[in-house]
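Asker: start.txt is reproduced in full below (compact mmCIF, C-alpha atoms).
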```
# COMPACT_ATOMS: atom_id res chain seq x y z
CA MET S 1 36.83 -35.56 -13.43
CA ALA S 2 38.11 -37.82 -10.77
CA GLY S 3 41.74 -37.63 -9.92
CA SER S 4 43.78 -40.41 -11.47
CA ASN S 5 44.61 -41.99 -8.12
CA LEU S 6 40.99 -42.09 -6.88
CA THR S 7 38.39 -44.72 -7.55
CA THR S 8 34.87 -43.64 -8.33
CA THR S 9 33.66 -44.48 -4.84
CA GLU S 10 36.50 -42.60 -3.23
CA TYR S 11 35.86 -39.62 -5.47
CA ILE S 12 32.19 -39.48 -4.47
CA GLN S 13 32.96 -39.97 -0.80
CA HIS S 14 35.64 -37.32 -0.94
CA HIS S 15 33.25 -34.81 -2.45
CA LEU S 16 30.60 -35.55 0.15
CA GLN S 17 32.95 -35.19 3.12
CA ASN S 18 32.93 -31.99 5.13
CA LEU S 19 36.01 -30.31 6.47
CA THR S 20 35.66 -31.28 10.12
CA PHE S 21 37.37 -29.76 13.09
CA GLY S 22 36.78 -31.49 16.41
CA LEU S 23 37.88 -33.42 19.45
CA HIS S 24 39.35 -36.70 18.27
CA PRO S 25 39.82 -39.37 20.94
CA ASP S 26 43.44 -39.87 19.92
CA ASN S 27 44.54 -36.62 18.30
CA GLY S 28 42.71 -34.09 20.48
CA TRP S 29 41.32 -30.93 18.86
CA SER S 30 42.30 -31.20 15.24
CA ILE S 31 41.10 -31.18 11.66
CA ALA S 32 39.99 -34.63 10.56
CA LYS S 33 42.28 -36.09 7.92
CA THR S 34 39.89 -38.85 6.87
CA ALA S 35 36.18 -39.56 6.93
CA VAL S 36 36.75 -42.16 9.59
CA GLU S 37 38.50 -39.67 11.84
CA ALA S 38 35.65 -37.27 11.34
CA LYS S 39 33.18 -39.94 12.34
CA GLU S 40 35.17 -40.81 15.45
CA MET S 41 34.96 -37.22 16.64
CA GLY S 42 31.25 -37.72 17.31
CA PHE S 43 29.27 -34.73 18.41
CA TRP S 44 32.17 -32.51 19.47
CA ALA S 45 33.11 -31.50 16.00
CA ILE S 46 32.27 -28.67 13.69
CA HIS S 47 32.12 -28.54 9.92
CA LEU S 48 34.33 -25.60 9.06
CA ASP S 49 33.20 -25.47 5.45
CA THR S 50 29.50 -25.52 6.28
CA MET S 51 29.89 -22.85 8.93
CA GLY S 52 32.27 -20.75 6.89
CA TRP S 53 30.23 -20.71 3.70
CA SER S 54 26.91 -20.26 5.43
CA ILE S 55 28.23 -17.35 7.49
CA ALA S 56 29.78 -15.88 4.36
CA MET S 57 26.44 -16.09 2.58
CA GLY S 58 24.63 -14.66 5.60
CA VAL S 59 27.07 -11.77 5.76
CA LEU S 60 26.63 -11.24 2.03
CA PHE S 61 22.88 -11.08 2.56
CA ILE S 62 23.12 -8.65 5.47
CA TRP S 63 25.72 -6.51 3.72
CA LEU S 64 23.76 -6.33 0.48
CA PHE S 65 20.42 -5.52 2.08
CA ARG S 66 21.96 -3.19 4.62
CA LYS S 67 23.72 -1.31 1.85
CA VAL S 68 20.46 -0.83 0.00
CA GLY S 69 18.58 -0.10 3.21
CA LYS S 70 21.01 2.67 4.14
CA VAL S 71 20.65 4.51 0.85
CA ALA S 72 17.01 3.54 0.35
CA THR S 73 15.23 6.68 -0.67
CA THR S 74 11.64 7.39 -1.36
CA GLY S 75 12.64 8.81 -4.73
CA VAL S 76 13.37 6.93 -7.91
CA PRO S 77 15.22 3.72 -6.94
CA GLY S 78 18.35 2.47 -8.64
CA LYS S 79 18.66 -0.93 -10.27
CA LEU S 80 20.09 -2.74 -7.25
CA GLN S 81 17.57 -1.09 -4.98
CA CYS S 82 14.78 -2.19 -7.32
CA ALA S 83 15.97 -5.78 -7.26
CA ILE S 84 16.35 -5.83 -3.48
CA GLU S 85 12.99 -4.18 -3.02
CA MET S 86 11.40 -6.71 -5.32
CA VAL S 87 12.68 -9.55 -3.14
CA PHE S 88 11.63 -7.65 -0.06
CA GLU S 89 8.10 -7.04 -1.34
CA PHE S 90 7.79 -10.63 -2.47
CA VAL S 91 8.67 -11.87 1.02
CA GLU S 92 6.51 -9.25 2.70
CA ASN S 93 3.48 -10.15 0.60
CA THR S 94 4.01 -13.84 1.23
CA VAL S 95 4.22 -13.24 4.96
CA ARG S 96 1.17 -10.99 4.88
CA GLY S 97 -0.78 -13.66 3.02
CA THR S 98 0.30 -16.50 5.30
CA PHE S 99 0.75 -14.97 8.71
CA SER S 100 -2.42 -13.51 10.19
CA HIS S 101 -1.12 -12.25 13.54
CA LYS S 102 0.91 -9.31 14.67
CA ASN S 103 4.58 -10.09 15.10
CA SER S 104 7.45 -7.91 13.96
CA LEU S 105 9.86 -10.86 14.03
CA VAL S 106 8.24 -13.00 11.37
CA GLY S 107 8.88 -10.68 8.42
CA PRO S 108 12.62 -10.28 9.00
CA MET S 109 12.91 -13.98 9.83
CA ALA S 110 11.22 -14.95 6.57
CA LEU S 111 13.41 -12.54 4.62
CA THR S 112 16.55 -13.88 6.28
CA LEU S 113 15.55 -17.49 5.64
CA PHE S 114 14.60 -16.92 2.04
CA VAL S 115 17.62 -14.92 0.94
CA TRP S 116 20.11 -16.79 3.07
CA ILE S 117 18.97 -20.23 1.94
CA PHE S 118 18.77 -19.00 -1.64
CA LEU S 119 22.36 -17.77 -1.50
CA MET S 120 23.58 -20.99 0.12
CA ASN S 121 21.74 -23.06 -2.46
CA LEU S 122 23.18 -20.86 -5.18
CA LEU S 123 26.65 -22.16 -4.30
CA LYS S 124 25.50 -25.42 -5.79
CA LEU S 125 25.73 -23.95 -9.26
CA VAL S 126 29.47 -23.69 -8.73
CA PRO S 127 30.91 -26.76 -10.51
CA VAL S 128 31.41 -29.57 -8.00
CA ASP S 129 35.15 -29.90 -8.57
CA ILE S 130 36.12 -26.28 -8.17
CA GLY S 131 35.75 -26.06 -4.38
CA PRO S 132 37.71 -29.20 -3.51
CA MET S 133 40.33 -28.49 -6.21
CA LEU S 134 41.08 -24.93 -5.14
CA PHE S 135 41.25 -25.83 -1.49
CA ALA S 136 43.38 -28.89 -2.21
CA LYS S 137 45.92 -26.47 -3.66
CA LEU S 138 45.78 -24.57 -0.38
CA GLY S 139 46.42 -27.80 1.49
CA VAL S 140 42.87 -28.34 2.68
CA ASP S 141 41.73 -31.91 2.19
CA TYR S 142 37.99 -31.52 2.14
CA MET S 143 35.71 -28.74 1.03
CA LYS S 144 31.98 -29.12 0.56
CA ILE S 145 30.90 -25.63 -0.28
CA VAL S 146 27.12 -25.97 -0.21
CA PRO S 147 25.98 -25.62 3.41
CA THR S 148 22.47 -26.83 2.61
CA THR S 149 23.80 -30.23 1.55
CA ASP S 150 24.92 -30.70 5.14
CA PRO S 151 22.06 -31.90 7.39
CA ASN S 152 23.65 -29.94 10.22
CA GLY S 153 23.13 -26.76 8.29
CA THR S 154 19.50 -27.32 7.36
CA LEU S 155 18.50 -28.89 10.67
CA GLY S 156 20.29 -26.09 12.48
CA MET S 157 18.05 -23.53 10.83
CA ALA S 158 15.04 -25.77 11.41
CA LEU S 159 16.04 -25.95 15.07
CA GLY S 160 16.05 -22.16 15.18
CA VAL S 161 12.55 -22.13 13.75
CA PHE S 162 11.51 -24.84 16.21
CA ILE S 163 12.73 -22.78 19.15
CA LEU S 164 10.68 -19.85 17.85
CA ILE S 165 7.62 -22.10 17.51
CA LEU S 166 7.97 -23.26 21.12
CA TYR S 167 8.64 -19.72 22.34
CA TYR S 168 5.60 -18.20 20.67
CA SER S 169 3.36 -21.15 21.52
CA ILE S 170 4.13 -20.61 25.18
CA LYS S 171 4.11 -16.82 24.96
CA VAL S 172 0.78 -16.54 23.18
CA LYS S 173 -1.14 -19.35 24.86
CA GLY S 174 0.70 -19.49 28.18
CA PRO S 175 2.32 -22.70 29.44
CA GLY S 176 -1.07 -24.01 30.55
CA GLY S 177 -2.73 -23.19 27.27
CA PHE S 178 0.05 -24.82 25.32
CA ALA S 179 -0.12 -27.96 27.47
CA LYS S 180 -3.87 -27.99 27.08
CA GLU S 181 -3.56 -27.75 23.35
CA LEU S 182 -1.15 -30.67 23.32
CA SER S 183 -3.41 -32.72 25.59
CA PHE S 184 -6.86 -32.07 24.20
CA THR S 185 -6.39 -32.05 20.46
CA PRO S 186 -7.41 -33.75 18.29
CA PHE S 187 -9.73 -35.64 20.74
CA ASN S 188 -11.30 -33.52 23.41
CA HIS S 189 -11.70 -36.15 26.09
CA TRP S 190 -9.66 -36.74 29.25
CA SER S 191 -9.27 -40.46 28.68
CA LEU S 192 -7.49 -39.82 25.42
CA ILE S 193 -4.91 -37.41 26.87
CA PRO S 194 -1.96 -39.82 26.50
CA PHE S 195 -2.92 -40.59 22.95
CA ASN S 196 -3.31 -36.90 22.17
CA LEU S 197 0.02 -36.11 23.78
CA VAL S 198 1.85 -38.69 21.71
CA MET S 199 0.16 -37.48 18.53
CA GLU S 200 0.76 -33.80 19.19
CA ILE S 201 4.35 -34.15 20.34
CA ILE S 202 5.17 -36.23 17.30
CA GLY S 203 3.41 -33.62 15.17
CA LEU S 204 5.38 -30.87 16.83
CA LEU S 205 8.73 -32.62 16.45
CA VAL S 206 8.04 -33.54 12.87
CA LYS S 207 7.83 -29.87 11.94
CA PRO S 208 11.52 -28.98 12.27
CA VAL S 209 12.69 -32.39 11.14
CA SER S 210 10.66 -32.27 7.96
CA LEU S 211 11.65 -28.65 7.42
CA GLY S 212 15.35 -29.43 7.68
CA LEU S 213 15.32 -32.79 5.93
CA ARG S 214 13.27 -31.54 2.98
CA LEU S 215 15.84 -28.90 2.14
CA PHE S 216 18.74 -31.21 2.88
CA GLY S 217 17.26 -34.06 0.83
CA ASN S 218 16.66 -31.93 -2.22
CA MET S 219 20.02 -30.27 -2.13
CA PHE S 220 21.96 -33.42 -1.31
CA ALA S 221 20.30 -35.43 -4.05
CA GLY S 222 21.04 -32.69 -6.55
CA GLU S 223 24.64 -32.54 -5.39
CA VAL S 224 25.08 -36.30 -5.73
CA ILE S 225 23.75 -36.16 -9.26
CA PHE S 226 26.13 -33.32 -10.08
CA ILE S 227 29.00 -35.43 -8.77
CA LEU S 228 27.83 -38.45 -10.77
CA ILE S 229 27.59 -36.32 -13.90
CA ALA S 230 31.09 -35.04 -13.20
CA LEU S 231 32.32 -38.63 -13.32
CA LEU S 232 31.35 -38.93 -16.96
CA PRO S 233 33.94 -38.16 -19.64
CA PHE S 234 34.32 -34.42 -20.09
CA TRP S 235 32.96 -34.41 -23.66
CA VAL S 236 29.61 -35.80 -22.56
CA SER S 237 29.22 -34.47 -19.05
CA TRP S 238 28.12 -30.99 -20.13
CA THR S 239 25.13 -32.39 -22.04
CA LEU S 240 23.72 -33.52 -18.72
CA ASN S 241 25.34 -30.91 -16.53
CA VAL S 242 23.84 -27.89 -18.25
CA PRO S 243 20.18 -29.03 -18.18
CA TRP S 244 20.56 -30.22 -14.61
CA ALA S 245 22.07 -26.88 -13.56
CA ILE S 246 19.31 -24.94 -15.34
CA PHE S 247 16.75 -27.14 -13.66
CA HIS S 248 18.44 -26.40 -10.35
CA ILE S 249 17.99 -22.66 -10.77
CA LEU S 250 14.33 -23.50 -10.24
CA ILE S 251 14.96 -25.99 -7.45
CA ILE S 252 17.15 -23.74 -5.32
CA THR S 253 14.65 -20.89 -5.47
CA LEU S 254 11.73 -23.19 -4.84
CA GLN S 255 13.38 -24.87 -1.86
CA ALA S 256 14.28 -21.53 -0.30
CA TYR S 257 10.71 -20.41 -0.82
CA ILE S 258 9.24 -23.61 0.64
CA PHE S 259 11.46 -23.40 3.70
CA MET S 260 10.41 -19.78 4.27
CA VAL S 261 6.69 -20.38 3.75
CA LEU S 262 6.61 -23.47 5.99
CA ALA S 263 8.49 -21.62 8.74
CA VAL S 264 5.93 -18.81 8.54
CA VAL S 265 3.03 -21.28 8.49
CA TYR S 266 4.38 -23.08 11.56
CA LEU S 267 4.79 -19.80 13.39
CA ASN S 268 1.29 -18.81 12.37
CA SER S 269 -0.15 -21.98 13.87
CA ALA S 270 1.95 -21.38 16.99
CA HIS S 271 0.07 -18.07 17.39
CA GLU S 272 -3.33 -19.65 16.88
CA GLN S 273 -5.60 -19.87 19.91
CA HIS S 274 -7.92 -22.85 20.14
CA MET K 1 27.31 -36.49 7.37
CA ASN K 2 27.53 -36.70 11.09
CA ILE K 3 25.27 -34.69 13.28
CA ASN K 4 27.55 -32.57 15.43
CA MET K 5 28.09 -29.11 16.83
CA THR K 6 27.63 -27.59 13.40
CA LEU K 7 23.92 -27.96 14.13
CA ILE K 8 24.19 -25.64 17.13
CA GLY K 9 26.54 -23.35 15.27
CA GLN K 10 24.10 -23.01 12.44
CA THR K 11 21.26 -22.27 14.86
CA ILE K 12 23.33 -19.53 16.46
CA ALA K 13 24.24 -18.12 13.05
CA PHE K 14 20.57 -18.17 12.12
CA ALA K 15 19.64 -16.32 15.31
CA ILE K 16 22.33 -13.70 14.74
CA PHE K 17 21.33 -13.11 11.13
CA VAL K 18 17.66 -12.82 12.04
CA TRP K 19 18.56 -10.36 14.77
CA PHE K 20 20.65 -8.32 12.34
CA CYS K 21 17.81 -8.38 9.87
CA ILE K 22 15.30 -7.19 12.47
CA LYS K 23 17.62 -4.48 13.66
CA TYR K 24 19.34 -3.14 10.57
CA VAL K 25 17.82 -4.49 7.38
CA TRP K 26 14.08 -4.71 7.68
CA PRO K 27 13.19 -1.26 9.07
CA PRO K 28 14.97 1.00 6.54
CA ILE K 29 13.78 -0.94 3.49
CA SER K 30 10.28 -1.29 4.87
CA ASN K 31 10.10 2.40 5.71
CA ALA K 32 11.42 3.49 2.35
CA LEU K 33 9.00 1.22 0.51
CA HIS K 34 5.96 2.28 2.44
CA GLU K 35 6.95 5.92 2.28
CA ARG K 36 7.34 5.64 -1.48
CA GLN K 37 4.01 3.85 -1.77
CA ARG K 38 2.39 6.66 0.15
CA LYS K 39 4.06 9.28 -2.02
CA ILE K 40 3.01 7.60 -5.23
CA ALA K 41 -0.53 7.29 -3.98
CA GLU K 42 -0.48 10.96 -3.07
CA GLY K 43 0.95 11.86 -6.46
CA LEU K 44 -1.72 9.93 -8.30
CA ASP K 45 -4.33 11.51 -6.11
CA ALA K 46 -2.95 14.98 -6.81
CA ALA K 47 -2.85 14.25 -10.53
CA SER K 48 -6.47 13.18 -10.63
CA ARG K 49 -7.41 16.18 -8.53
CA ALA K 50 -5.49 18.47 -10.88
CA SER K 51 -7.21 17.05 -13.93
CA ARG K 52 -10.56 17.55 -12.23
CA ASP K 53 -9.56 21.13 -11.43
CA LEU K 54 -8.52 21.64 -15.02
CA GLU K 55 -11.87 20.42 -16.25
CA LEU K 56 -13.61 22.74 -13.85
CA ALA K 57 -11.46 25.67 -14.89
CA GLU K 58 -12.10 24.96 -18.55
CA ALA K 59 -15.83 24.88 -17.96
CA GLN K 60 -15.58 28.12 -16.02
CA ALA K 61 -13.51 29.74 -18.73
CA SER K 62 -15.94 28.79 -21.48
CA GLU K 63 -18.79 30.08 -19.36
CA LEU K 64 -16.97 33.34 -18.79
CA LEU K 65 -16.19 33.59 -22.47
CA SER K 66 -19.77 33.16 -23.54
CA GLU K 67 -20.87 35.60 -20.87
CA SER K 68 -18.40 38.22 -22.01
CA LYS K 69 -19.40 37.65 -25.64
CA GLN K 70 -22.98 38.31 -24.70
CA GLN K 71 -21.95 41.39 -22.78
CA ALA K 72 -19.95 42.67 -25.69
CA SER K 73 -22.85 42.24 -28.07
CA GLU K 74 -25.10 43.99 -25.57
CA ILE K 75 -22.70 46.86 -25.28
CA LEU K 76 -22.41 47.06 -29.04
CA GLU K 77 -26.17 47.13 -29.40
CA GLN K 78 -26.45 49.82 -26.76
CA ALA K 79 -23.78 51.88 -28.44
CA ASN K 80 -25.55 51.55 -31.77
CA LYS K 81 -28.81 52.58 -30.21
CA ARG K 82 -27.13 55.44 -28.47
CA SER K 83 -25.42 56.69 -31.56
CA ALA K 84 -28.67 56.56 -33.48
CA GLN K 85 -30.31 58.48 -30.68
CA MET K 86 -27.52 61.04 -30.67
CA ILE K 87 -27.79 61.53 -34.42
CA GLU K 88 -31.51 61.97 -34.06
CA GLU K 89 -31.03 64.49 -31.28
CA ALA K 90 -28.39 66.40 -33.26
CA ARG K 91 -30.68 66.48 -36.24
CA GLU K 92 -33.52 67.83 -34.12
CA GLN K 93 -31.24 70.44 -32.60
CA ALA K 94 -29.97 71.51 -35.99
CA ARG K 95 -33.53 71.81 -37.28
CA GLN K 96 -34.52 73.90 -34.30
CA GLU K 97 -31.45 76.07 -34.66
CA GLY K 98 -32.18 76.56 -38.29
CA GLU K 99 -35.75 77.49 -37.56
CA ARG K 100 -34.63 79.91 -34.96
CA ILE K 101 -32.13 81.52 -37.30
CA VAL K 102 -34.77 81.79 -39.97
CA ALA K 103 -37.21 83.31 -37.50
CA ASN K 104 -34.60 85.82 -36.37
CA ALA K 105 -33.82 86.78 -39.90
CA LYS K 106 -37.48 87.22 -40.66
CA ALA K 107 -37.94 89.38 -37.60
CA GLU K 108 -34.96 91.49 -38.59
CA ILE K 109 -36.28 91.82 -42.10
CA ASP K 110 -39.68 92.89 -40.74
CA GLN K 111 -37.99 95.41 -38.49
CA GLU K 112 -35.96 96.71 -41.37
CA ILE K 113 -39.07 96.98 -43.53
CA ASN K 114 -40.88 98.82 -40.78
CA ARG K 115 -37.99 101.17 -40.29
CA ALA K 116 -37.80 101.81 -44.02
CA LYS K 117 -41.55 102.38 -44.07
CA ASP K 118 -41.24 104.80 -41.17
CA SER K 119 -38.46 106.79 -42.79
CA LEU K 120 -40.30 106.77 -46.09
CA ARG K 121 -43.43 107.94 -44.39
CA GLU K 122 -41.51 110.73 -42.71
CA GLN K 123 -39.87 111.81 -45.94
CA VAL K 124 -43.15 111.61 -47.77
CA SER K 125 -44.84 113.71 -45.10
CA ARG K 126 -42.06 116.26 -45.28
CA LEU K 127 -42.28 116.34 -49.05
CA ALA K 128 -46.01 116.69 -48.78
CA ILE K 129 -45.63 119.60 -46.41
CA GLN K 130 -43.00 121.26 -48.62
CA GLY K 131 -45.26 120.68 -51.59
CA ALA K 132 -48.19 122.08 -49.72
CA GLU K 133 -46.10 125.11 -48.58
CA GLN K 134 -45.12 125.81 -52.12
CA VAL K 135 -48.71 125.27 -53.29
CA LEU K 136 -50.15 127.50 -50.61
CA GLY K 137 -47.31 129.91 -50.90
CA SER K 138 -47.24 130.62 -47.39
CA ALA K 139 -45.76 129.04 -44.49
CA ILE K 140 -47.79 126.68 -42.72
CA ASP K 141 -47.48 126.94 -39.13
CA GLU K 142 -45.56 123.87 -38.46
CA LYS K 143 -46.75 123.57 -34.96
CA GLN K 144 -50.33 124.00 -36.00
CA HIS K 145 -50.24 121.47 -38.71
CA THR K 146 -47.90 118.87 -37.39
CA LYS K 147 -50.76 116.84 -36.08
CA LEU K 148 -52.48 116.93 -39.37
CA VAL K 149 -49.36 116.00 -41.27
CA ASN K 150 -48.54 113.22 -38.94
CA ASP K 151 -52.00 111.77 -39.35
CA LEU K 152 -51.49 112.01 -43.08
CA ALA K 153 -48.09 110.33 -42.82
CA ASN K 154 -49.54 107.55 -40.75
CA GLU K 155 -52.14 106.90 -43.38
CA LEU K 156 -49.39 106.31 -45.99
```
Let me see whether you can do it: turn the structure in this file into C-alpha cells.
Answerer:
Amino acid sequence: MAGSNLTTTEYIQHHLQNLTFGLHPDNGWSIAKTAVEAKEMGFWAIHLDTMGWSIAMGVLFIWLFRKVGKVATTGVPGKLQCAIEMVFEFVENTVRGTFSHKNSLVGPMALTLFVWIFLMNLLKLVPVDIGPMLFAKLGVDYMKIVPTTDPNGTLGMALGVFILILYYSIKVKGPGGFAKELSFTPFNHWSLIPFNLVMEIIGLLVKPVSLGLRLFGNMFAGEVIFILIALLPFWVSWTLNVPWAIFHILIITLQAYIFMVLAVVYLNSAHEQH
Amino acid sequence: MNINMTLIGQTIAFAIFVWFCIKYVWPPISNALHERQRKIAEGLDAASRASRDLELAEAQASELLSESKQQASEILEQANKRSAQMIEEAREQARQEGERIVANAKAEIDQEINRAKDSLREQVSRLAIQGAEQVLGSAIDEKQHTKLVNDLANEL
C-alpha cells in the first residue's frame, strides 16, 4: 500500500524511478534525490539498481552453471545437475534448430541471454513494495529491482546483440559484401540503391530496438499493473495479484525465450550469404 | 526512464557474462552432456549386442544338447549291441569248451577201455596158457608158443 504521505501518482512515480548516480549540473557526481534531478543528469548517469541487480543475477547465473559444470560428470547426475542440464539442452536444441552455421559463440550467448533475462524477470515476482521498503530503511530513496523494466537494461543487451550482428555481418561477408547486401536488396538495380539503403538500414536498426523494447514493454507494463494492483486495499489486492503473478510466470519465461530466439535468428541472418 | 550510461554498462555486463559463459560454463556442461550421451548410446548398443549374443548362445546350447543326446543314445545302442555280442561270444566259447571237455573225457574213457581190454587180454592169454599147461601136463616152451598165444590173445 501507498505510504500515508504519498498520493497515488507520487506512489507510482516513486516505484518507477531508478536509483540514479550521475553528474548533476549543480551537485556534481551524486545520487539523485528526486526524479527531476535524475532527469537533469542527462546521459552521464547510471542506474545503480539496474546495474546492481542485473550483475547480481548474471553472477548468480554464472556461479550456478559454473558450479554444475565443474562437478558435471558423465555418470548419474544429481537433481541440480539435471535441472541445469535440462535448461542447457533446451537452449542447445533451440540454437541447433535456429542457427544453421558454425559459430561457437552463439550457443553460450543464447544460454547467457535466456538464463540471465529469466533471472532478471524473475525478480518481478518479488512483491513491488518490498524492494523500495527495505531500501528505504537503509536510507536509499529509490529502488527498482527489476532490471528488465529499465529500457537501459533491455536496450543495453540488444545493443550487445546488435554489435555482434554487425561484427559477424562484416566478418562473414566482408565489408564489401555487407555493403552490397545493404545496397542491392530487396531491389537488385543500381538506380534503387538509395531506396535499398534506407530500407535496409532501417531494417537493421529496427532489430535491436524491437528486441530491447519488446522485453522492456512487456516487463514494464506488467510492473505497472502490479503497482496499480498494490494500490488497491489489501483485502482485495491479492485476488488480482495472485492470478497476475501466476500469469507472469509464463510471461517472464516466454519473454526470455523470445529474446534469445530472436537474437539467434538475427545472428543467423547475419551469417547468411546472398 | 532516461536513457543514460546504464545502457553502455549493461552492454559491457552482457559482453562479460557471455565471455564467462563461453570460457567457463558452456564447455564443461557441453562436454559432460555429450560424453554421457555417447556412453548411454554405447551402453544401449552393448545391451542389444549382449542380448543377441545370449540368443546365439542359447541356440548353440540347445543344438549341443540335442547333439549330445543323440550321441548318448548312439553310445547306448552300441553298448547294448556290444553286450549282446559278448554274451553270444561267451555262449559260443562255453559251448566249444564243453564240447572239448566232453571229447577229452570220451577219449580218456576210450583209452581206459582199451587199456582194460589189453590187460584183460593179457590175463586171459596167461590163464589160457596156464590152463593149457595144466591140460597138456607139460611145459610149453614159452618162447616157442608165445607167438601163438599172442595171436590168440589178440583175437580175444
Asker: Within 10 Å of S:Leu197, counting only C-alpha atoms, which residues show up once you throw out same-chain ones fewer than 2 positions away? Write them as a list in words, please.
Answerer: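 In the requested form, the answer reads Ala179, Lys180, Glu181, Leu182, Ser183, Phe184, Thr185, Pro186, Leu192, Ile193, Pro194, Phe195, Met199, Glu200, Ile201, Ile202 and Gly203 of chain S.
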Asker: Kindly provide, as an MDAnalysis selection string, the residues of chain S having any atom no farther than 7 Å from an atom of chain K, counting only C-alpha atoms.
Answerer: chainID S and resid 39 42:47 51 55 58 62 65:66 69:70 72:75 105 108:109 112 150:153 155:157 159:160
Asker: Please return the centre and edge lengths, in Å to one decimal, of a box with edges along x, y and z that contains all listed atoms of stretch 169-177 of chain S, widened by 8 Å on every side, as AutoDock Vina command-line options.
Answerer:
```
--center_x 0.7 --center_y -20.3 --center_z 26.0 --size_x 22.9 --size_y 23.5 --size_z 25.0
```
Asker: Please report the interatomic distance between atom CA of S:Thr50 and atom CA of S:Leu123 in Å with one decimal.
Answerer: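 The value is 11.5 Å.
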Asker: If I take atom CA of S:Val209 and atom CA of S:Ser269, how far is one from the other in Å, to one decimal?
Answerer: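 Atom CA of S:Ser269 lies at a distance of 16.8 Å from atom CA of S:Val209.
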Asker: Mind giving me the straight-line distance from atom CA of K:Ala153 to atom CA of K:Arg115 in Å, one decimal?
Answerer: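 Rounded to one decimal, the two atoms are 13.9 Å apart.
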Asker: Extract, using only C-alpha atoms, all DNA, RNA and protein residues at most 7 Å from stretch 12-16 of chain S, discarding same-chain residues fewer than 6 positions from it, and format them as a PDB file with C-alpha atoms, in the frame of the given file.
Answerer:
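Saved the output as out.pdb:
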```
ATOM      1  CA  TYR S 142      37.990 -31.520   2.140  1.00  0.00           C
ATOM      2  CA  LYS S 144      31.980 -29.120   0.560  1.00  0.00           C
ATOM      3  CA  ILE S 227      29.000 -35.430  -8.770  1.00  0.00           C
TER       4      ILE S 227
END
```
Asker: Starting from the sparse input, extend stretch 44-55 of chain K to N, CA, C and O atoms and give the output as a PDB file, in the coordinates of the input.
Answerer:
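Contents of out18.pdb, freshly written:
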```pdb
ATOM      1  N   LEU K  44      -0.616  10.307  -7.411  1.00  0.00           N
ATOM      2  CA  LEU K  44      -1.720   9.930  -8.300  1.00  0.00           C
ATOM      3  C   LEU K  44      -2.983  10.693  -7.920  1.00  0.00           C
ATOM      4  O   LEU K  44      -3.718  11.190  -8.781  1.00  0.00           O
ATOM      5  N   ASP K  45      -3.177  10.787  -6.624  1.00  0.00           N
ATOM      6  CA  ASP K  45      -4.330  11.510  -6.110  1.00  0.00           C
ATOM      7  C   ASP K  45      -4.303  12.956  -6.589  1.00  0.00           C
ATOM      8  O   ASP K  45      -5.292  13.489  -7.100  1.00  0.00           O
ATOM      9  N   ALA K  46      -3.111  13.568  -6.423  1.00  0.00           N
ATOM     10  CA  ALA K  46      -2.950  14.980  -6.810  1.00  0.00           C
ATOM     11  C   ALA K  46      -3.187  15.138  -8.305  1.00  0.00           C
ATOM     12  O   ALA K  46      -3.833  16.099  -8.748  1.00  0.00           O
ATOM     13  N   ALA K  47      -2.688  14.166  -9.075  1.00  0.00           N
ATOM     14  CA  ALA K  47      -2.850  14.250 -10.530  1.00  0.00           C
ATOM     15  C   ALA K  47      -4.330  14.215 -10.903  1.00  0.00           C
ATOM     16  O   ALA K  47      -4.807  15.008 -11.722  1.00  0.00           O
ATOM     17  N   SER K  48      -5.059  13.288 -10.273  1.00  0.00           N
ATOM     18  CA  SER K  48      -6.470  13.180 -10.630  1.00  0.00           C
ATOM     19  C   SER K  48      -7.214  14.440 -10.177  1.00  0.00           C
ATOM     20  O   SER K  48      -8.100  14.938 -10.867  1.00  0.00           O
ATOM     21  N   ARG K  49      -6.784  14.962  -9.016  1.00  0.00           N
ATOM     22  CA  ARG K  49      -7.410  16.180  -8.530  1.00  0.00           C
ATOM     23  C   ARG K  49      -7.126  17.342  -9.496  1.00  0.00           C
ATOM     24  O   ARG K  49      -8.008  18.136  -9.823  1.00  0.00           O
ATOM     25  N   ALA K  50      -5.880  17.389  -9.970  1.00  0.00           N
ATOM     26  CA  ALA K  50      -5.490  18.470 -10.880  1.00  0.00           C
ATOM     27  C   ALA K  50      -6.296  18.399 -12.169  1.00  0.00           C
ATOM     28  O   ALA K  50      -6.744  19.415 -12.700  1.00  0.00           O
ATOM     29  N   SER K  51      -6.473  17.165 -12.662  1.00  0.00           N
ATOM     30  CA  SER K  51      -7.210  17.050 -13.930  1.00  0.00           C
ATOM     31  C   SER K  51      -8.670  17.457 -13.714  1.00  0.00           C
ATOM     32  O   SER K  51      -9.283  18.082 -14.584  1.00  0.00           O
ATOM     33  N   ARG K  52      -9.188  17.135 -12.540  1.00  0.00           N
ATOM     34  CA  ARG K  52     -10.560  17.550 -12.230  1.00  0.00           C
ATOM     35  C   ARG K  52     -10.636  19.074 -12.178  1.00  0.00           C
ATOM     36  O   ARG K  52     -11.564  19.695 -12.718  1.00  0.00           O
ATOM     37  N   ASP K  53      -9.620  19.665 -11.527  1.00  0.00           N
ATOM     38  CA  ASP K  53      -9.560  21.130 -11.430  1.00  0.00           C
ATOM     39  C   ASP K  53      -9.495  21.755 -12.811  1.00  0.00           C
ATOM     40  O   ASP K  53     -10.152  22.767 -13.078  1.00  0.00           O
ATOM     41  N   LEU K  54      -8.690  21.121 -13.668  1.00  0.00           N
ATOM     42  CA  LEU K  54      -8.520  21.640 -15.020  1.00  0.00           C
ATOM     43  C   LEU K  54      -9.870  21.647 -15.744  1.00  0.00           C
ATOM     44  O   LEU K  54     -10.263  22.626 -16.378  1.00  0.00           O
ATOM     45  N   GLU K  55     -10.566  20.522 -15.631  1.00  0.00           N
ATOM     46  CA  GLU K  55     -11.870  20.420 -16.250  1.00  0.00           C
ATOM     47  C   GLU K  55     -12.788  21.535 -15.772  1.00  0.00           C
ATOM     48  O   GLU K  55     -13.461  22.216 -16.563  1.00  0.00           O
TER      49      GLU K  55
END
```
